[in-house]
Each structure stands twice: as C-alpha cells, then as structure tokens.
Amino acid sequence: MTDTVKISTKNVDVFYDDNHAIKDVSMDILDNTVTAFIGPSGCGKSTFLRCLNRMNDTIESCKITGELLLDGEDIYAKSVDPVQLRAKVGMVFQKPNPFPKSIFDNVAYGPRIHGLVGNKTDLEEVVEKSLRRAALWSEAKDRLHAPGTSLSGGQQQRLCIARAIATAPEVLLMDEPASALDPIATAQIEELIDELRHKYSVVIVTHSMQQAARVSQKTAFFHLGDMVEYGDTSTVFTNPVDQRTQDYITGRFG
Amino acid sequence: MVSMTELSAKHNSPESAARLKKRKAAEWRLKAYGILAITLAGMALVTLMWSVVGKASGAFTESYITLPVTLEAAEVDPDGTDDPSVIGRANFGGVVKDALKAAFPFVKSRGDKRVMYDIISGGAAFELRELAMADPSNIGQTMDFRFLASDIADLYLKGSYGALVEQSADGVLTIESDGKTAVVTSSAEDFTFVMARVKADLLAKAAFNRDQAALQENGRVVFTERGDLDEAAKREVERDRFTALAEALETRATQGGGGEALDKNSPSVLVRMGETWVKLTEVSATGGEGDVIGVLDSGDWAAGDWQVYLQDVPEASRKVSDLQIALIENLRNAGAVETVFNKRFFTAGDSREPELAGIWGAAVGSFWTMLVTILLAFPVGVMAAIYLEEFAKKNLMNTFIEVNINNLAAVPSIVYGLLGLAVFLGFFGVPRSAPLAGGIVLAVMTLPTIIIASRAAMGAVPPSIRDAALGIGASKLQTAFHHVLPLSMPGILTGTIIGMARALGETAPLIMIGMVAFIVDIPTGVTDSATVLPVQIYRWSDFPERAFEARTSAAILVLLVFLVLMNGLAVFLRKRFERRW
C-alpha cells in the first residue's frame, strides 16, 4: 500500500434517466492497493466501478457529472478515447465470460487489437506471463489451444483475469469476481488479487464482507447511492464512524 | 382465514384424484392431436411426392428410332465443297423425310405422309445436320442413324395413349385385297370379343344421348312453365332427335350378327399380318373390311400368322393415329426402337418441342439469378443487421425503420416484381429478362428475411461477450466483427439460406420483369436473357403438348432437389459452426 493516488473522483453523480444512482461521491483510489466497495444490493457500487473505465457509456440513459481523474487526467474529457482508457483500466466481470475461442486467443486478443507486441514470440511471452500472473499457467500450458469455455468456473475466471492483465493495464476493476465460484476457487482468486496489488491498483466490488476484509487495504461502504464511509479496511470493519456502516457490517441489514 | 392444514388435506382428496385424471386425459389428447397432425402432414408429403415422381418418370427416358439414311451429295452438298457452312444450309428436314419414305414406301397420300413424318422429332434434322457438318466424308454414304422420336411416338411407346391389346385368333384369315382396301374373313369367330367391345361402346354413346335428351326435356318443361312456347318447341325437337339417336344406337348394339361400322370415335380394330396392317372400318364377328397399311395381296393366312388388336381409346381422343401405331409397331418389331436415359433433359435449353426441351437453361438461369441475389442480399442484409443491432440508437426513427423492415417481409412477392419493373427496369434501365434484374428484385425481397434472421442471431449472443470485449478495450466495431458476427454466423447463414430457398422458388416477381420469356439459349452471364426453374415449370405446365406434363413434374423434382440441397447446406453449416465455437 502506497500513498500515490491512482484515481481521484470529485463530486461524481450518476443518473439513469431520473434515477439518481450515485450521489456526490468523492474519493481517492490508491495505487498498489486493493480497494473494496461494499454495500447492499442496488447501492450503486457496481455503477460507480463501471464509471471508472467508462463502461457505462454503453448504457444510453446513463448520465455522469463530476470529475474523475486517472493519474490527474480527466477520464471523461473529450480527448480521451474510451477504448484506450479501457486498455489501461482493465475489468473482470461477475460471471466468467471467456470468448468462445482458445485459451491462447482469449489472452492474446487484447495485445493483438491494441498492437502491443510486434511478433509471435513476444505475443507468446505476453500470454505466458499473463497466465502465470493469473496463476493459470501450470493448468493451461498444455492445452493453450483448447477452448476457453472448456475450463472450470474458477479457471475461467482466472482466464478472464489473465485476459484483462494481458493488455498491461494500470488499474484492474473487478465486479464481484468470485460470486459465481465455489469456496476453493474463491480462495484462489483472492490469493491472486493479493498478488496482483503489487503491480496494479485493484478495485473490487464484493458482497462478501469477509472477502473485503481478507483482500482489501481500503474499503468504501456505499448505501443508496451515497458513499457512506471510506477508509482503511481495518478501521472500517473494526471501528466504523457511521451508524449505517456499523449496522451493515454487523449484519443488521443488507 | 385460510387454514393451510386444510389446504394440505386437499392434495389427497377424491377431487384431486379426479383433477389428476382429467389432466392426464388432456395430456393424452394433446399427444394424440400431435400425432394425428404429423400423420396428416406426412401423408400430404407422401402423396405429393408420389404424384410428382409418378408423373415425372416419363421425362427421364427418351426414344430413338434407327433408320437407314442416305446423305445424298446432290441434296446436301451439290457442289462438293465439303464446306460446313454450305452443308449447314442444306434441307436436312427433307433428308429425314426421304429416310422415312424409303422405310415405308407404301405410304402414298400427302396426308398419310405428313402423319408419318410426325413420328420423328423436328430436332432429328438438326442432329443429322451436325453430323454432316462435323464430318463431310459422311456425305454420299448410307448409314444407320438414330432419329429422335417425336413426343407422340415417345408417349405411345411409353403407353401413355392406352395399350394396343392383342386378341386371340384361331381361324384361317382370308384376304380379298385391291391394294388399298381389303375384306378380311376368319374361318372362326375371332372378332366376337371385338364386336362385344364395339357394341358396349355403342351403348355408352346411347346412354350419353339419353342424358342429352333428358336435359332437353328439362329445358322444355322450364320453358313451358315460363310460357316461352317457341323455345319449348325447339327443346322438344332436340329431345326427340337425341332420343332417336339413342334408340338407333341401342338397336345397333343389341342386334345380333351383321357388321358394325367403325369411325374415329369408336375403338380402333387393327388386323396384322407380319408387317402389313388392316385398319377395320367395319367389323363383324368373323372379320370385316378396312384400309390396308402396307402392301397386301389376296390370299390366306394361317392361324398364328395374323393377329387382331384392339385399341380402346378412339383415334379422335389420342394424338397418335392408327397409321402411326402401325408404323411404330413395325419399327419396334424390327428392333429399330430404343428407349434410353434422357440426358438431353438435363443438358438442353427450353424448346417448343417437348422431346427437345431441357431444364439446363432454366437451372443455369436460376444459378445466375441466385448469384446476384446472394451477392447483393447477404452483405447488405448482414451490414444492416449489424448497424441496427450494435450501433443504432433507440430512437423513433430507428424504431420506424425496424417496424418497416418487419413489414417488408410480409409484402406479397408480386409487389417486388412491380417495384423491379418500375424502378430497376424502367428507371435504371437494367436489361429485361436478365438474371441481373431478377437477382436484384429477389435480393430486395430476401433482404428483410436476412435482416430479421441476422438480428435475431446477433441478439442471441450473450451480452457478457460484448462486455468482455469492450472491457479489454475493443471498439464497438471490433466487438461486432471479432465476436458478435462470428458467434451469430450459424443463425445468419440459416436465415440467409432459407431466404435464398424462398427466392429460388419464386415465380411471381420474375414474371413481372419478363423472365417468363421463351429462351432457348443457355445464359452465359447475368445480362443474358434467361428464365428460372419455377418460371420454367409454370410455362411448361401451361403448354398444350402432353409430353410437357411429365417434363413439368420432372422440373418440379429438380427444383425440389435444389431446395432440399440448400436446406441440407443450412443444417450442415449450422452444425459445423456451432461445433467450432
């Protein structure tokens, strides 16, 4: 955990038509840190996460105001191409969604479309590194040309992580990455997340407070579109400032 | 207040058992309806195929008649040039006629000769011409040539005009001949059966006249009631005339012995002595009088050397005359007739002569038309679908476009023909009757089908795939072309091929743009005049020659084979692509 601010947001509001989904959220997300977003369903944590790589652009009714800065640059500036941005801010989704292609092609897709590597040898190296970093190499190295969909659920999710880190992002967004997995696969993913924070700034949305407590250094609690509390994970879980946080983490609602 | 315990108890009540019984009965009924529906559909299909295949079988063989022919130098190449262009101008029709005249020298009268010429196809002269042009050394030679039989001869050989049935004959036949007509008398009553058949025919005719008389009587009654006595009197006269006719016929039929005159409306009776035939114009129990076909002297013929034939269909009701029957039978006996697989049907273009007509011109026309259709409809349709599904914003304009595309799929195809006539032919000047014009019209007709099928296929691609691609920084275009399009390809191809199959079977719009023309040449490109398979079927079904009936069915079979192949391809492609992903 460092003190370098990777993403800085100021007074961010998000509307879906008339629905005010995110209300005036300001926070700094640190580099080399796992930041967890927790909160009850429908509190806006996923929406906020998707603002960070402009995935909400695909939703026509979505309006975003406020300031979001990545390394001091406005993400929503006219000059920023969302496609370029998403190469730098990778994303892993709730449900494992490998492309119905081979494992190799899944991982190589990002480097290929962004022209990151010039030749085949380099590409193979990138794929290997990504798979290694996603702790999938030992299982996948002999079947790189098997379809990605033939892997188990946990392996598929690690493949998706490998695919996300193959584009050499600086930030990795994870939207409930372990919610569709069994406890063993979840443990593997959590271990992986802990590894990944040495290289990336990781933001993870989770429903599981234990998971947030285990993997994150910083935790933000969202409730009904408000960011209620944001601080060190240990503080938020042991000594929350806000009564709502207290109620949520002790299981009174949510 | 509902007590849940009471509700639970209801599960085991008699009412519950009755409900269960009713539900099972309903399920059983539904299954029965389903099986019934499938059986009916299956029977309809079997009946269709049975009828089409049964009728088509005649078109898959053709008949040839081998006759010696002399390519007289004086007639074909008088100056001895050996130049194909000179030879090509010769009258080969005359050569064919000479060959027939040489084979049947006894056919003398002009009318009989014309009837005789009709057993050889008009196309035989062209084949003879090609032979002479290809190898001028044949000129001056006498050779056996296989003449294509005419449609009439071919149909007769296939038994389409009723059978010539041989009757038993045990007596000695005495002939008194003057060369043209002959009186034939058997020592036994060998013509009894024939007489019975002729008399039965007379009774049938009498019954017909009685029916006519009854109709006139009805008319008389009605006119009398109306007070129109003039008309009633006319009806009465007519009634009496028909009754008299019927009575006369009945008298003839019931009288024993004597002779009975035969005409064009009676069954034909033919007596055969080797190569010579007598066509009876009057028949009695022991013989009769008739016209000689061939050369016949007076004399006696022992039993077994002569035969009696009965052709039940009157001469007036069939295209093949008794003279032609006699000639064809002579040729058949001489082994000069052969029936072979009809390769011509699959390699020739259209013709007014059924025996020369083939399906290849229409098949090639269909190919060019389909080529134009798929080249236009597939890319345009898929691109439109990609735009609407992946890029278009949900606004009023796009909703309007979508609704209209869906409506276009239901527009009757003839309307597209009118559009093609007015816009493509009238305004853009696309050549008439050409596969280009037909292909454009069918492409416009197929577009909505392809767009709808492609959109449905793209819509079925899970959004998580789009998210995955966008999430690692693929652009919308890359997402559409790298992921959505390949994944939806099986559905797109299925929709396209089904749309193409519909276009392949389409007639109405092509009639509007002139693809219904009579085109003999095989089209060699998209701007040549052409016709297509379904239009060819439509045209042939309208031709009066009977031999086209079989060709129509055969063409339907060819079209069905193409459709089955295309649908098979659709299934194959779908399976293939599904497995790859």
# chains A, B, ... in the order shown; residues from 1 in each chain; ligands from 1

call {"tool": "closest_atom_pairs", "arguments": {"of": "chain A", "to": "chain B", "cutoff": "8 Å", "atoms": "only C-alpha atoms", "output": "Markdown table"}}
result
| residue | atom | partner | partner_atom | distance |
| --- | --- | --- | --- | --- |
| A:Met55 | CA | B:Gly471 | CA | 7.2 |
| A:Glu60 | CA | B:Lys393 | CA | 7.9 |
| A:Pro82 | CA | B:Gly473 | CA | 7.7 |
| A:Val83 | CA | B:Gly473 | CA | 4.6 |
| A:Gln84 | CA | B:Gly473 | CA | 6.3 |
| A:Leu85 | CA | B:Gly473 | CA | 7.3 |
| A:Arg86 | CA | B:Gly473 | CA | 4.7 |
| A:Ala87 | CA | B:Gly473 | CA | 4.8 |
| A:Gly90 | CA | B:Ile472 | CA | 5.8 |
| A:Met91 | CA | B:Gly471 | CA | 5.5 |
| A:Val92 | CA | B:Gly471 | CA | 7.7 |
| A:Phe93 | CA | B:Ala468 | CA | 7.7 |
| A:Lys95 | CA | B:Ser464 | CA | 7.9 |
| A:Asn97 | CA | B:Ser464 | CA | 6.0 |
| A:Pro98 | CA | B:Ala468 | CA | 7.4 |
| A:Phe99 | CA | B:Ile465 | CA | 6.5 |
| A:Pro100 | CA | B:Trp581 | CA | 5.5 |
| A:Lys101 | CA | B:Trp581 | CA | 6.7 |
| A:Gly110 | CA | B:Ile472 | CA | 6.1 |
| A:Ile113 | CA | B:Ala474 | CA | 7.0 |
| A:His114 | CA | B:Gly473 | CA | 8.0 |
| A:Pro147 | CA | B:Trp581 | CA | 7.9 |
| A:Arg163 | CA | B:Ile472 | CA | 7.7 |
| A:Ala164 | CA | B:Ile472 | CA | 6.0 |
| A:Thr167 | CA | B:Ile472 | CA | 7.2 |

call {"tool": "select_by_dssp", "arguments": {"residues": "region 240-285 of chain B", "states": "strand (DSSP E or B)", "output": "PyMOL selection string"}}
result
chain B and resi 260-261+268-273+276-283

call {"tool": "write_last_selection", "arguments": {"atoms": "N, CA and C atoms", "output": "PDB file, in the first residue's frame"}}
result
ATOM      1  N   GLU B 260     -70.654 -53.876 -88.129  1.00  0.00           N
ATOM      2  CA  GLU B 260     -70.765 -52.618 -87.393  1.00  0.00           C
ATOM      3  C   GLU B 260     -69.708 -51.665 -87.935  1.00  0.00           C
ATOM      4  N   ALA B 261     -70.147 -50.471 -88.329  1.00  0.00           N
ATOM      5  CA  ALA B 261     -69.188 -49.512 -88.883  1.00  0.00           C
ATOM      6  C   ALA B 261     -68.339 -48.909 -87.761  1.00  0.00           C
ATOM      7  N   SER B 268     -60.424 -48.583 -81.965  1.00  0.00           N
ATOM      8  CA  SER B 268     -59.788 -48.999 -83.217  1.00  0.00           C
ATOM      9  C   SER B 268     -59.547 -50.495 -83.210  1.00  0.00           C
ATOM     10  N   VAL B 269     -59.829 -51.134 -84.360  1.00  0.00           N
ATOM     11  CA  VAL B 269     -59.541 -52.559 -84.505  1.00  0.00           C
ATOM     12  C   VAL B 269     -58.508 -52.700 -85.622  1.00  0.00           C
ATOM     13  N   LEU B 270     -57.380 -53.317 -85.309  1.00  0.00           N
ATOM     14  CA  LEU B 270     -56.303 -53.468 -86.288  1.00  0.00           C
ATOM     15  C   LEU B 270     -56.012 -54.943 -86.477  1.00  0.00           C
ATOM     16  N   VAL B 271     -55.926 -55.346 -87.728  1.00  0.00           N
ATOM     17  CA  VAL B 271     -55.539 -56.723 -88.031  1.00  0.00           C
ATOM     18  C   VAL B 271     -54.130 -56.670 -88.598  1.00  0.00           C
ATOM     19  N   ARG B 272     -53.304 -57.565 -88.123  1.00  0.00           N
ATOM     20  CA  ARG B 272     -51.903 -57.504 -88.531  1.00  0.00           C
ATOM     21  C   ARG B 272     -51.479 -58.820 -89.166  1.00  0.00           C
ATOM     22  N   MET B 273     -50.810 -58.670 -90.287  1.00  0.00           N
ATOM     23  CA  MET B 273     -50.230 -59.837 -90.936  1.00  0.00           C
ATOM     24  C   MET B 273     -48.775 -59.506 -91.201  1.00  0.00           C
ATOM     25  N   THR B 276     -47.731 -55.966 -92.409  1.00  0.00           N
ATOM     26  CA  THR B 276     -48.871 -55.288 -93.013  1.00  0.00           C
ATOM     27  C   THR B 276     -50.047 -55.269 -92.043  1.00  0.00           C
ATOM     28  N   TRP B 277     -50.757 -54.132 -92.063  1.00  0.00           N
ATOM     29  CA  TRP B 277     -51.876 -53.962 -91.155  1.00  0.00           C
ATOM     30  C   TRP B 277     -53.125 -53.627 -91.952  1.00  0.00           C
ATOM     31  N   VAL B 278     -54.271 -54.036 -91.412  1.00  0.00           N
ATOM     32  CA  VAL B 278     -55.545 -53.579 -91.956  1.00  0.00           C
ATOM     33  C   VAL B 278     -56.278 -52.886 -90.823  1.00  0.00           C
ATOM     34  N   LYS B 279     -56.634 -51.652 -91.076  1.00  0.00           N
ATOM     35  CA  LYS B 279     -57.385 -50.889 -90.075  1.00  0.00           C
ATOM     36  C   LYS B 279     -58.863 -51.024 -90.432  1.00  0.00           C
ATOM     37  N   LEU B 280     -59.618 -51.739 -89.601  1.00  0.00           N
ATOM     38  CA  LEU B 280     -61.002 -52.060 -89.950  1.00  0.00           C
ATOM     39  C   LEU B 280     -61.896 -50.816 -89.882  1.00  0.00           C
ATOM     40  N   THR B 281     -62.726 -50.664 -90.934  1.00  0.00           N
ATOM     41  CA  THR B 281     -63.733 -49.611 -90.907  1.00  0.00           C
ATOM     42  C   THR B 281     -65.101 -50.218 -90.660  1.00  0.00           C
ATOM     43  N   GLU B 282     -65.167 -51.531 -90.786  1.00  0.00           N
ATOM     44  CA  GLU B 282     -66.412 -52.226 -90.496  1.00  0.00           C
ATOM     45  C   GLU B 282     -66.028 -53.570 -89.913  1.00  0.00           C
ATOM     46  N   VAL B 283     -66.718 -53.973 -88.866  1.00  0.00           N
ATOM     47  CA  VAL B 283     -66.329 -55.214 -88.211  1.00  0.00           C
ATOM     48  C   VAL B 283     -67.566 -56.075 -87.963  1.00  0.00           C
TER      49      VAL B 283
END

call {"tool": "closest_residue", "arguments": {"among": "A:Leu159, A:Ser8, A:Ser41, A:Gly72", "to": "Tyr248 (chain A)", "atoms": "only C-alpha atoms"}}
result
A:Ser41

call {"tool": "residues_around", "arguments": {"residues": "Ile522 (chain B)", "least_positions_apart": "6", "cutoff": "7 Å", "atoms": "only C-alpha atoms", "output": "list in words"}}
result
Gly349, Gly361 and Val364 of chain B

call {"tool": "residues_around", "arguments": {"residues": "region 430-443 of chain B", "least_positions_apart": "2", "cutoff": "9 Å", "atoms": "only C-alpha atoms", "output": "PyMOL selection string"}}
result
chain B and resi 365-378+413+416-417+419-421+424-428+445-447+500+503-504+506+509-511+513-517+523+525-532

call {"tool": "residues_around", "arguments": {"residues": "region 9-26 of chain A", "least_positions_apart": "6", "cutoff": "8 Å", "atoms": "only C-alpha atoms", "output": "MDAnalysis selection string"}}
result
chainID A and resid 43:44 47:48 61:69 224:227

call {"tool": "select_by_dssp", "arguments": {"residues": "region 176-314 of chain B", "states": "helix (DSSP H, G or I)", "output": "MDAnalysis selection string"}}
result
chainID B and resid 192:226 229:254

call {"tool": "atom_distance", "arguments": {"atom1": "CA of Leu136 (chain A)", "atom2": "CA of Gln155 (chain A)"}}
result
6.9 Å

call {"tool": "atom_distance", "arguments": {"atom1": "CA of Gly179 (chain B)", "atom2": "CA of Leu100 (chain B)"}}
result
20.6 Å
